[in-house]
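Text of model.txt (compact mmCIF, C-alpha atoms) as supplied:
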```txt
# COMPACT_ATOMS: atom_id res chain seq x y z
CA MET B 1 -23.75 1.80 5.79
CA SER B 2 -20.74 0.35 3.98
CA ALA B 3 -20.79 -3.18 2.63
CA THR B 4 -18.08 -5.81 2.74
CA ILE B 5 -18.00 -8.77 0.38
CA ASP B 6 -15.57 -11.47 1.51
CA LEU B 7 -14.36 -13.35 -1.56
CA SER B 8 -11.75 -15.52 0.08
CA ASP B 9 -13.94 -18.60 -0.43
CA ALA B 10 -13.20 -19.99 -3.89
CA THR B 11 -16.89 -20.78 -4.41
CA THR B 12 -17.79 -17.06 -4.33
CA ARG B 13 -15.10 -15.67 -6.60
CA PRO B 14 -16.26 -14.13 -9.88
CA ARG B 15 -14.06 -16.52 -11.84
CA PRO B 16 -12.35 -19.74 -10.75
CA ALA B 17 -8.67 -19.45 -9.94
CA ALA B 18 -6.17 -21.29 -12.08
CA ALA B 19 -5.15 -24.71 -10.84
CA PRO B 20 -2.11 -24.52 -8.56
CA GLU B 21 1.20 -25.30 -10.19
CA THR B 22 2.93 -28.48 -9.17
CA SER B 23 6.57 -28.56 -8.22
CA ALA B 24 7.24 -30.68 -11.29
CA SER B 25 5.87 -28.13 -13.76
CA ALA B 26 7.59 -24.98 -14.91
CA PRO B 27 5.75 -21.80 -13.92
CA LYS B 28 3.60 -20.37 -16.68
CA ARG B 29 4.50 -16.96 -18.03
CA SER B 30 1.81 -14.31 -17.83
CA LEU B 31 0.91 -12.61 -21.10
CA LEU B 32 -0.60 -9.64 -19.26
CA GLY B 33 1.53 -6.53 -19.30
CA LEU B 34 3.78 -7.67 -22.15
CA SER B 35 4.39 -5.35 -25.07
CA ARG B 36 3.32 -6.57 -28.50
CA GLU B 37 6.96 -7.33 -29.32
CA GLU B 38 7.45 -9.28 -26.09
CA MET B 39 4.24 -11.21 -26.63
CA GLY B 40 5.24 -12.07 -30.19
CA ALA B 41 8.66 -13.30 -29.07
CA ALA B 42 7.06 -15.42 -26.35
CA LEU B 43 4.70 -17.03 -28.87
CA VAL B 44 7.56 -17.82 -31.26
CA GLU B 45 9.54 -19.33 -28.39
CA ALA B 46 6.50 -21.46 -27.60
CA GLY B 47 6.56 -22.89 -31.14
CA ILE B 48 4.15 -20.65 -33.04
CA PRO B 49 5.56 -19.95 -36.53
CA ALA B 50 7.10 -16.49 -36.80
CA LYS B 51 4.90 -15.68 -39.82
CA GLN B 52 1.80 -16.22 -37.66
CA ALA B 53 3.02 -14.46 -34.54
CA LYS B 54 1.91 -10.92 -35.44
CA MET B 55 -1.59 -12.08 -36.32
CA ARG B 56 -1.81 -14.14 -33.11
CA VAL B 57 -0.68 -11.15 -31.04
CA GLN B 58 -3.46 -9.07 -32.58
CA GLN B 59 -5.99 -11.74 -31.68
CA LEU B 60 -4.76 -12.10 -28.12
CA TRP B 61 -4.52 -8.35 -27.61
CA HIS B 62 -8.12 -7.90 -28.68
CA TRP B 63 -9.42 -10.68 -26.44
CA LEU B 64 -7.42 -9.56 -23.40
CA TYR B 65 -7.87 -5.79 -23.55
CA VAL B 66 -10.96 -5.08 -25.66
CA ARG B 67 -13.16 -8.06 -24.77
CA GLY B 68 -11.66 -8.54 -21.32
CA VAL B 69 -11.53 -12.35 -21.24
CA SER B 70 -9.55 -14.16 -18.57
CA ASP B 71 -9.53 -17.69 -19.99
CA PHE B 72 -8.07 -18.93 -23.28
CA SER B 73 -11.20 -21.06 -23.82
CA GLN B 74 -13.20 -17.86 -24.37
CA MET B 75 -11.18 -16.83 -27.45
CA ALA B 76 -13.68 -17.93 -30.07
CA ASN B 77 -11.64 -17.21 -33.22
CA VAL B 78 -8.58 -19.12 -32.00
CA SER B 79 -8.47 -22.82 -32.83
CA LYS B 80 -9.13 -25.31 -30.04
CA ASP B 81 -5.66 -26.86 -30.43
CA LEU B 82 -3.94 -23.48 -30.22
CA ARG B 83 -5.99 -22.48 -27.19
CA ALA B 84 -4.87 -25.67 -25.46
CA ALA B 85 -1.24 -25.01 -26.42
CA LEU B 86 -1.43 -21.47 -25.10
CA ASP B 87 -3.02 -22.63 -21.87
CA GLU B 88 -0.21 -25.15 -21.40
CA ARG B 89 2.54 -22.52 -21.66
CA PHE B 90 1.00 -19.23 -20.56
CA GLU B 91 -1.47 -17.72 -18.12
CA ILE B 92 -3.73 -14.68 -18.28
CA ARG B 93 -5.15 -14.92 -14.79
CA ARG B 94 -5.84 -11.84 -12.77
CA PRO B 95 -5.35 -11.24 -9.08
CA GLU B 96 -7.47 -13.18 -6.64
CA ILE B 97 -10.09 -10.98 -5.00
CA VAL B 98 -9.92 -11.69 -1.28
CA GLU B 99 -12.37 -9.01 -0.28
CA GLU B 100 -14.42 -6.23 -1.83
CA GLN B 101 -15.64 -3.35 0.33
CA ILE B 102 -18.20 -0.78 -0.78
CA SER B 103 -18.45 2.60 0.89
CA VAL B 104 -21.66 4.49 1.52
CA ASP B 105 -20.50 6.94 -1.18
CA GLY B 106 -20.01 4.20 -3.79
CA THR B 107 -16.23 3.97 -3.49
CA ARG B 108 -15.01 0.40 -3.84
CA LYS B 109 -11.86 -1.09 -2.35
CA TRP B 110 -10.49 -4.47 -3.37
CA LEU B 111 -8.00 -6.53 -1.44
CA PHE B 112 -6.09 -8.39 -4.17
CA ARG B 113 -3.81 -11.39 -3.63
CA PHE B 114 -1.00 -12.36 -5.99
CA PRO B 115 0.67 -15.78 -5.97
CA SER B 116 4.09 -16.39 -4.48
CA ARG B 117 7.29 -16.06 -6.43
CA GLY B 118 9.57 -19.01 -5.96
CA ALA B 119 9.90 -19.62 -2.24
CA GLY B 120 8.13 -16.37 -1.38
CA ARG B 121 4.67 -16.10 0.10
CA PRO B 122 1.54 -14.77 -1.63
CA VAL B 123 1.23 -11.01 -1.27
CA GLU B 124 -1.72 -8.66 -0.99
CA ILE B 125 -2.38 -5.08 -2.09
CA GLU B 126 -5.33 -2.71 -2.17
CA THR B 127 -6.90 -0.96 -5.18
CA VAL B 128 -9.64 1.66 -5.01
CA TYR B 129 -12.35 2.78 -7.44
CA ILE B 130 -13.82 6.27 -6.98
CA PRO B 131 -17.00 7.02 -8.99
CA GLU B 132 -17.91 10.63 -9.77
CA GLU B 133 -20.32 12.33 -12.11
CA GLY B 134 -18.78 12.00 -15.55
CA ARG B 135 -15.79 9.85 -14.64
CA GLY B 136 -14.57 6.87 -12.67
CA THR B 137 -11.06 6.92 -11.24
CA LEU B 138 -9.07 3.80 -10.41
CA CYS B 139 -6.31 4.23 -7.84
CA VAL B 140 -3.68 1.59 -8.66
CA SER B 141 -0.84 0.24 -6.51
CA SER B 142 2.74 -0.23 -7.75
CA GLN B 143 4.38 -1.95 -4.78
CA VAL B 144 3.49 -4.22 -1.89
CA GLY B 145 4.19 -1.89 1.01
CA CYS B 146 6.43 1.16 0.74
CA THR B 147 9.92 2.32 1.69
CA LEU B 148 9.16 6.01 2.13
CA THR B 149 7.65 6.07 5.66
CA CYS B 150 5.72 9.32 5.15
CA THR B 151 4.42 9.96 8.65
CA PHE B 152 0.84 10.91 7.64
CA CYS B 153 0.36 7.87 5.38
CA HIS B 154 -0.91 4.49 6.56
CA THR B 155 0.86 2.63 3.74
CA GLY B 156 4.15 4.02 5.01
CA THR B 157 3.77 2.02 8.21
CA GLN B 158 4.07 -1.23 6.22
CA ARG B 159 7.50 -2.38 5.14
CA LEU B 160 8.21 -2.91 1.46
CA VAL B 161 7.70 -6.53 0.47
CA ARG B 162 8.33 -6.33 -3.28
CA ASN B 163 7.62 -4.51 -6.52
CA LEU B 164 4.59 -5.45 -8.58
CA GLU B 165 5.16 -6.88 -12.04
CA PRO B 166 3.56 -5.30 -15.15
CA SER B 167 1.07 -8.19 -15.23
CA GLU B 168 0.03 -7.43 -11.65
CA ILE B 169 -0.39 -3.71 -12.30
CA VAL B 170 -2.40 -4.28 -15.49
CA GLY B 171 -4.32 -7.03 -13.68
CA GLN B 172 -5.71 -4.48 -11.23
CA VAL B 173 -7.18 -2.46 -14.10
CA LEU B 174 -8.64 -5.53 -15.84
CA THR B 175 -10.21 -6.89 -12.67
CA ALA B 176 -11.74 -3.56 -11.73
CA ARG B 177 -13.23 -3.15 -15.20
CA GLU B 178 -14.69 -6.65 -15.09
CA ARG B 179 -16.18 -6.21 -11.62
CA LEU B 180 -17.77 -2.92 -12.63
CA GLY B 181 -19.15 -4.18 -15.95
CA ASP B 182 -16.82 -2.11 -18.11
CA PHE B 183 -16.17 -4.88 -20.66
CA PRO B 184 -18.61 -5.98 -23.40
CA GLU B 185 -19.57 -9.28 -21.74
CA ALA B 186 -19.46 -8.03 -18.14
CA SER B 187 -22.43 -6.67 -16.19
CA THR B 188 -22.49 -3.83 -13.70
CA PRO B 189 -23.49 -4.97 -10.19
CA GLN B 190 -27.04 -3.99 -9.29
CA GLY B 191 -27.08 -0.77 -7.29
CA ALA B 192 -23.45 0.11 -8.08
CA ILE B 193 -22.62 3.81 -8.19
CA VAL B 194 -20.86 4.45 -11.52
CA PRO B 195 -20.78 7.27 -14.10
CA SER B 196 -24.09 7.59 -15.92
CA GLU B 197 -22.46 7.47 -19.34
CA GLY B 198 -19.15 6.69 -20.98
CA ARG B 199 -16.44 4.45 -19.64
CA LEU B 200 -16.79 3.32 -16.05
CA VAL B 201 -13.01 3.35 -15.54
CA SER B 202 -12.10 6.54 -17.35
CA ASN B 203 -9.04 7.59 -15.35
CA VAL B 204 -6.11 5.77 -13.75
CA VAL B 205 -3.99 7.28 -11.00
CA MET B 206 -0.79 5.64 -9.78
CA MET B 207 -1.49 6.80 -6.25
CA GLY B 208 -2.07 3.50 -4.48
CA MET B 209 0.42 1.60 -2.39
CA GLY B 210 4.10 2.26 -3.11
CA GLU B 211 6.29 4.80 -4.88
CA PRO B 212 5.82 4.27 -8.65
CA LEU B 213 9.23 5.72 -9.57
CA TYR B 214 10.95 3.12 -7.39
CA ASN B 215 9.37 0.51 -9.67
CA TYR B 216 9.96 2.51 -12.82
CA ASP B 217 10.43 -0.16 -15.51
CA ASN B 218 7.42 -2.22 -14.46
CA VAL B 219 5.16 0.82 -14.12
CA LYS B 220 6.29 2.12 -17.52
CA ALA B 221 5.56 -1.24 -19.18
CA ALA B 222 2.13 -1.49 -17.53
CA LEU B 223 1.08 2.04 -18.44
CA ALA B 224 2.14 1.46 -22.06
CA VAL B 225 -0.41 -1.37 -22.18
CA VAL B 226 -3.09 0.65 -20.39
CA SER B 227 -2.67 3.54 -22.85
CA ASP B 228 -2.44 1.42 -26.01
CA GLY B 229 -5.02 2.75 -28.47
CA ASP B 230 -6.07 -0.69 -29.69
CA GLY B 231 -6.59 -2.14 -26.23
CA LEU B 232 -7.54 -0.52 -22.94
CA ALA B 233 -7.06 2.79 -24.77
CA LEU B 234 -6.85 5.25 -21.88
CA SER B 235 -5.42 8.59 -23.00
CA ARG B 236 -2.15 9.52 -21.31
CA ARG B 237 -3.92 12.69 -20.21
CA ARG B 238 -6.22 10.47 -18.16
CA ILE B 239 -3.31 8.70 -16.47
CA THR B 240 -1.61 10.43 -13.56
CA LEU B 241 1.52 9.22 -11.81
CA SER B 242 2.10 10.51 -8.30
CA THR B 243 5.60 10.63 -6.82
CA SER B 244 6.87 11.72 -3.44
CA GLY B 245 9.80 13.34 -5.22
CA VAL B 246 12.26 10.90 -6.80
CA VAL B 247 13.93 13.80 -8.58
CA PRO B 248 16.28 11.94 -10.97
CA MET B 249 13.35 9.99 -12.47
CA ILE B 250 10.90 12.87 -12.99
CA GLY B 251 12.25 14.10 -16.33
CA LYS B 252 12.60 10.54 -17.57
CA THR B 253 8.96 9.90 -16.68
CA GLY B 254 7.85 12.80 -18.86
CA ASP B 255 10.07 11.76 -21.76
CA GLU B 256 9.25 8.05 -21.74
CA MET B 257 5.75 7.75 -20.29
CA GLY B 258 4.21 11.10 -21.18
CA VAL B 259 1.60 10.85 -18.43
CA MET B 260 0.30 13.57 -16.16
CA LEU B 261 2.44 14.22 -13.08
CA ALA B 262 1.41 14.69 -9.46
CA ILE B 263 3.81 15.64 -6.68
CA SER B 264 3.15 14.56 -3.10
CA LEU B 265 4.39 17.84 -1.56
CA HIS B 266 2.64 18.43 1.80
CA ALA B 267 5.10 20.99 3.20
CA VAL B 268 6.76 24.21 2.08
CA THR B 269 9.95 24.05 4.16
CA ASP B 270 12.67 21.41 4.11
CA GLU B 271 12.56 21.22 7.90
CA LEU B 272 8.92 20.09 7.95
CA ARG B 273 9.03 18.06 4.73
CA ASP B 274 11.98 16.08 6.12
CA VAL B 275 9.53 14.85 8.77
CA LEU B 276 6.38 14.41 6.70
CA VAL B 277 8.04 13.07 3.53
CA PRO B 278 11.50 11.76 4.53
CA ILE B 279 12.69 11.36 0.92
CA ASN B 280 13.07 15.16 1.11
CA LYS B 281 16.34 14.63 2.99
CA LYS B 282 17.74 13.14 -0.22
CA TYR B 283 15.93 15.38 -2.71
CA PRO B 284 15.08 18.72 -1.04
CA ILE B 285 12.36 21.08 -2.16
CA LYS B 286 14.55 23.28 -4.41
CA GLU B 287 15.73 20.27 -6.44
CA LEU B 288 12.15 19.00 -6.65
CA MET B 289 10.83 22.35 -7.90
CA ASP B 290 13.63 22.58 -10.48
CA ALA B 291 12.67 19.13 -11.81
CA CYS B 292 9.03 20.20 -12.02
CA ARG B 293 9.86 23.37 -13.95
CA THR B 294 11.59 21.32 -16.63
CA TYR B 295 9.05 18.47 -16.81
CA PRO B 296 8.66 17.51 -20.51
CA GLY B 297 5.43 18.73 -22.05
CA LEU B 298 4.59 21.06 -19.16
CA SER B 299 2.03 23.69 -20.19
CA ASN B 300 -1.21 25.26 -19.01
CA ALA B 301 -2.99 22.33 -20.65
CA ARG B 302 -0.69 19.82 -18.94
CA ARG B 303 -0.30 21.19 -15.46
CA ILE B 304 1.43 19.45 -12.59
CA THR B 305 -0.82 18.60 -9.66
CA PHE B 306 0.66 19.27 -6.24
CA GLU B 307 -0.93 17.24 -3.46
CA TYR B 308 -1.05 18.89 -0.07
CA VAL B 309 -2.55 17.08 2.92
CA MET B 310 -4.06 19.46 5.46
CA LEU B 311 -2.71 18.72 8.96
CA LYS B 312 -4.08 20.76 11.83
CA GLY B 313 -1.50 23.09 13.31
CA VAL B 314 1.28 21.53 11.25
CA ASN B 315 1.21 22.85 7.67
CA ASP B 316 -2.09 24.73 7.36
CA SER B 317 -1.26 28.34 8.29
CA LEU B 318 -1.79 31.22 5.89
CA ALA B 319 1.97 31.77 6.01
CA ASP B 320 2.31 28.22 4.62
CA ALA B 321 -0.18 29.11 1.87
CA ARG B 322 1.80 32.20 0.88
CA GLU B 323 5.06 30.22 0.79
CA LEU B 324 3.37 27.55 -1.34
CA VAL B 325 2.42 30.21 -3.87
CA ARG B 326 6.00 31.51 -3.88
CA LEU B 327 7.45 28.03 -4.41
CA LEU B 328 5.21 27.31 -7.40
CA LYS B 329 5.82 30.60 -9.19
CA GLY B 330 6.32 29.94 -12.89
CA ILE B 331 5.06 26.33 -12.78
CA PRO B 332 1.71 25.61 -14.50
CA ALA B 333 0.10 23.91 -11.54
CA LYS B 334 -3.01 22.87 -9.67
CA ILE B 335 -2.96 22.32 -5.91
CA ASN B 336 -5.14 19.52 -4.52
CA LEU B 337 -5.86 20.25 -0.86
CA ILE B 338 -6.51 16.93 0.86
CA PRO B 339 -8.26 16.87 4.24
CA PHE B 340 -6.24 14.43 6.34
CA ASN B 341 -7.85 11.00 6.47
CA PRO B 342 -7.34 9.39 9.89
CA TRP B 343 -6.13 5.85 10.46
CA PRO B 344 -5.52 3.85 13.65
CA GLY B 345 -2.54 5.27 15.55
CA SER B 346 -2.02 8.26 13.25
CA PRO B 347 -0.30 11.20 15.03
CA TYR B 348 -2.15 13.95 13.15
CA GLU B 349 -5.56 15.59 13.01
CA CYS B 350 -7.35 17.05 10.02
CA SER B 351 -7.31 20.83 9.74
CA ASP B 352 -10.54 22.62 10.61
CA TRP B 353 -12.72 23.03 7.53
CA GLU B 354 -12.79 26.82 7.88
CA GLN B 355 -8.99 26.90 7.89
CA ILE B 356 -8.83 24.71 4.79
CA GLU B 357 -11.16 27.12 3.03
CA ARG B 358 -9.08 30.14 4.06
CA PHE B 359 -5.94 28.36 2.79
CA ALA B 360 -7.65 27.55 -0.50
CA GLU B 361 -8.92 31.10 -0.96
CA LEU B 362 -5.42 32.56 -0.58
CA VAL B 363 -3.98 30.13 -3.13
CA ASN B 364 -6.91 30.79 -5.50
CA GLN B 365 -6.37 34.54 -5.30
CA ALA B 366 -2.77 33.96 -6.45
CA GLY B 367 -4.11 32.39 -9.65
CA TYR B 368 -3.83 28.69 -8.84
CA ALA B 369 -6.77 26.30 -8.86
CA SER B 370 -6.89 24.75 -5.40
CA PRO B 371 -9.84 22.37 -5.13
CA ILE B 372 -10.48 20.78 -1.76
CA ARG B 373 -10.66 17.05 -2.34
CA THR B 374 -13.85 15.57 -0.98
CA PRO B 375 -12.91 12.65 1.29
CA ARG B 376 -14.12 9.43 -0.32
CA GLY B 377 -14.30 5.95 1.14
CA ARG B 378 -13.22 6.93 4.65
CA ASP B 379 -15.63 4.42 6.18
CA ILE B 380 -13.76 1.54 4.49
CA PHE B 381 -10.25 3.00 4.85
CA ALA B 382 -10.08 3.64 1.11
CA ALA B 383 -9.31 7.36 1.22
CA CYS B 384 -6.01 9.00 0.33
CA GLY B 385 -3.26 7.86 2.70
CA GLN B 386 -5.31 5.05 4.26
CA LEU B 387 -4.34 2.06 2.10
CA LYS B 388 -2.47 -0.76 3.76
CA SER B 389 -2.16 -4.36 2.63
CA GLU B 390 -4.00 -6.80 4.82
CA SER B 391 -0.90 -8.97 4.68
CA GLU B 392 -0.63 -7.30 8.10
CA ARG B 393 -4.15 -8.26 8.96
CA MET B 394 -6.15 -7.06 11.95
CA LYS B 395 -8.80 -9.29 13.38
CA ARG B 396 -11.86 -8.74 11.25
CA GLY B 397 -14.03 -7.59 14.14
CA ASP B 398 -11.41 -5.05 15.28
CA ARG B 399 -11.09 -3.63 11.75
CA LEU B 400 -14.85 -3.28 11.29
CA ALA B 401 -15.11 -1.51 14.63
CA LEU B 402 -12.41 0.95 13.58
CA GLU B 403 -14.10 1.56 10.23
CA ALA B 404 -17.37 2.29 12.01
CA ALA B 405 -15.65 4.73 14.35
CA VAL B 406 -14.02 6.60 11.46
CA ALA B 407 -17.36 6.82 9.64
CA VAL B 408 -19.05 8.60 12.55
```
For the structure just supplied, provide its representation as C-alpha cells.
Amino acid sequence: MSATIDLSDATTRPRPAAAPETSASAPKRSLLGLSREEMGAALVEAGIPAKQAKMRVQQLWHWLYVRGVSDFSQMANVSKDLRAALDERFEIRRPEIVEEQISVDGTRKWLFRFPSRGAGRPVEIETVYIPEEGRGTLCVSSQVGCTLTCTFCHTGTQRLVRNLEPSEIVGQVLTARERLGDFPEASTPQGAIVPSEGRLVSNVVMMGMGEPLYNYDNVKAALAVVSDGDGLALSRRRITLSTSGVVPMIGKTGDEMGVMLAISLHAVTDELRDVLVPINKKYPIKELMDACRTYPGLSNARRITFEYVMLKGVNDSLADARELVRLLKGIPAKINLIPFNPWPGSPYECSDWEQIERFAELVNQAGYASPIRTPRGRDIFAACGQLKSESERMKRGDRLALEAAVAV
C-alpha cells in the first residue's frame, strides 16, 4: 500500500521555512543555481572585498553542494558576522515540501511549492525519485505546467504558469538528496528503498513537468551546477534531457550542455504525431530526425533515447514498429517502450503486454535496444506522463480514491 506524508503543516517540515519577507524589505537573492562567476559578483556587490570573493565562493559552494546545508548558520568555517551579513542579503532556501508520497515499489513523489514572484501566487510542481538496483533516478521539472498539450500526457492538461528559475531546478535536486540521506549529515528514512551502494541520486532526467528547451537558459544554468565536479558532481552522461522536439534548440543543447538526449517521439507518421505531440505541426518528423542525426557528440557510446508510449490500437502495430526502424536508420539509438500510464479522463488505453513484446522483438531484431520500461509509481500518479501540479488540486479523498483504482 502506498504512503502519503502531508508536509503542509510547518511543524512537520524537515527544516523550518524562511521567515516571510515584509513589503518594506527587498527580496533576497537566491545563491542556488548561480555560476561561480555570478556568485562572486553577487558577493562583491554585497560588500565583500573582491580579493576575498573567490575564496568565499569556494566555501559557499562546498557547503551548499557537497555538505548540503540549507542555512548559513551551519557554515562552520565562515565567521559569525559574515554569516549574518549573508543571511541579510541572500537566501539558500529550498522548495517547501507540501506532500511526499511513497509508492509500494519505493518510488517517491514530492509536491514542491515555490514562493510567489512579485504579485504572483505561489506555484507548485512535482518531482519523482525512482530507485533501482545500482542507481537512483530523479525526474526533475523545468516548468510549472506545460504549453505542449500532448494528448497522452497528464501534465499537458495543465496550462503553463511560468518557467522555473535555476535555483528552483537545483533546489529539487538538493531537497531530494537531503530527504533520501544522500548528503554527509543527512540520514536515509527507515525502510526507504534506495540503491544498496553508491550515490542515492545517481542520475537526473529532465523529464518532469514542462518542456526543458522552452526554458533553455535556466535549465542550462541549473545543469551546469548539477554537473560541476566540485559540487553535486553528476557526470553529464548521467544527465538526460528529454524534449518533445524543439528542433532549433537540439544542436545548441549538445554544443552547450553536452548532456544525453531523449526524444519524446510516440508516433512514426506526421498525421498521428500531429495529434499525440502537437509541436510536430511546427517541427515535423523529418526535421526532427535530421536534427538528431547531427546531434553533437552522437556515437554508439552516446546514443539518443527515443521514448515511445504504447497506446492500444493507436501506434502499436508491427507496421508502426517497422516504420520506426526505418526512421531511425543511421542514428545510434535506443528505444524506450513505455506502457501507457492511465490518468483520470485520459482518452487512451495501454497496449496489451503481448503486443508490446511483439513490437519490442521486431525492433530488437533490427539491431536497436528496445527495453520495455517497467511502470513505476502508478499508484501515486508518479509514472511517466502522470505528473500534474496540485495547483489544480482535487479534493484529497477523490484523489486517493483514484490512486487506489489505478493501483488495482
Excluding same-chain residues fewer than 5 positions from B:Phe112, what lies within 6 Å of it counting only C-alpha atoms, as an NGL selection string? :B and (95-98 or 124-125)
Near-B:Ser30 list (7 Å; all atoms listed in the file; drop same-chain fewer than 6 positions) as a list in words: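 After dropping sequence-adjacent residues, the list is Phe90, Glu91, Ile92 and Ser167 of chain B.
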Just the residues within 7 Å of stretch 264-273 of chain B, please, counting all atoms listed in the file, with nothing from its chain fewer than 4 positions along; format it as a PyMOL selection string. chain B and resi 242-244+277-278+280+284-285+306-309+315+320+323-324
Could you tell me how far atom CA of B:Lys334 lies from atom CA of B:Trp353, in Å and to one decimal?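 Going from atom CA of B:Lys334 over to atom CA of B:Trp353 covers 19.8 Å.
Residues with any atom within 9 Å of B:Ser35, counting all atoms listed in the file and excluding same-chain neighbours fewer than 2 positions away, are Leu31, Leu32, Gly33, Glu37, Glu38, Met39, Gly40, Ala221, Ala222, Ala224 and Val225 of chain B.
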Distance criterion (only C-alpha atoms): nearest to B:Leu327 out of B:Leu223, B:Leu213, B:Cys292, B:Cys153: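 Once distances to B:Leu327 are computed over only C-alpha atoms, the minimum belongs to B:Cys292.
The space separating atom CA of B:Tyr348 from atom CA of B:Leu276 comes to 10.7 Å.
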Around (2.4, 12.3, -7.1) in the file's own coordinates, what residues are found within 12 Å if you use all atoms listed in the file, given back as a compact mmCIF listing (two decimals) with C-alpha atoms, keeping the file's coordinate frame?
```txt
# COMPACT_ATOMS: atom_id res chain seq x y z
CA CYS B 139 -6.31 4.23 -7.84
CA VAL B 205 -3.99 7.28 -11.00
CA MET B 206 -0.79 5.64 -9.78
CA MET B 207 -1.49 6.80 -6.25
CA GLY B 208 -2.07 3.50 -4.48
CA MET B 209 0.42 1.60 -2.39
CA GLY B 210 4.10 2.26 -3.11
CA GLU B 211 6.29 4.80 -4.88
CA PRO B 212 5.82 4.27 -8.65
CA LEU B 213 9.23 5.72 -9.57
CA ILE B 239 -3.31 8.70 -16.47
CA THR B 240 -1.61 10.43 -13.56
CA LEU B 241 1.52 9.22 -11.81
CA SER B 242 2.10 10.51 -8.30
CA THR B 243 5.60 10.63 -6.82
CA SER B 244 6.87 11.72 -3.44
CA GLY B 245 9.80 13.34 -5.22
CA VAL B 246 12.26 10.90 -6.80
CA VAL B 247 13.93 13.80 -8.58
CA ILE B 250 10.90 12.87 -12.99
CA THR B 253 8.96 9.90 -16.68
CA VAL B 259 1.60 10.85 -18.43
CA MET B 260 0.30 13.57 -16.16
CA LEU B 261 2.44 14.22 -13.08
CA ALA B 262 1.41 14.69 -9.46
CA ILE B 263 3.81 15.64 -6.68
CA SER B 264 3.15 14.56 -3.10
CA LEU B 265 4.39 17.84 -1.56
CA HIS B 266 2.64 18.43 1.80
CA LEU B 288 12.15 19.00 -6.65
CA CYS B 292 9.03 20.20 -12.02
CA ILE B 304 1.43 19.45 -12.59
CA THR B 305 -0.82 18.60 -9.66
CA PHE B 306 0.66 19.27 -6.24
CA GLU B 307 -0.93 17.24 -3.46
CA TYR B 308 -1.05 18.89 -0.07
CA ILE B 335 -2.96 22.32 -5.91
CA ASN B 336 -5.14 19.52 -4.52
CA CYS B 384 -6.01 9.00 0.33
```
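Distances here use all atoms listed in the file; by that measure, the residue among B:Arg135, B:Lys312, B:Lys80, B:Lys286 closest to B:Arg238 is B:Arg135.
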Neighbour residues at most 6 Å from (-2.3, 25.4, 0.7) (all atoms listed in the file) as a PyMOL selection string: chain B and resi 321+359-360
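Straight-line separation from atom CA of B:Asn300 to atom CA of B:Ser141: 28.0 Å.
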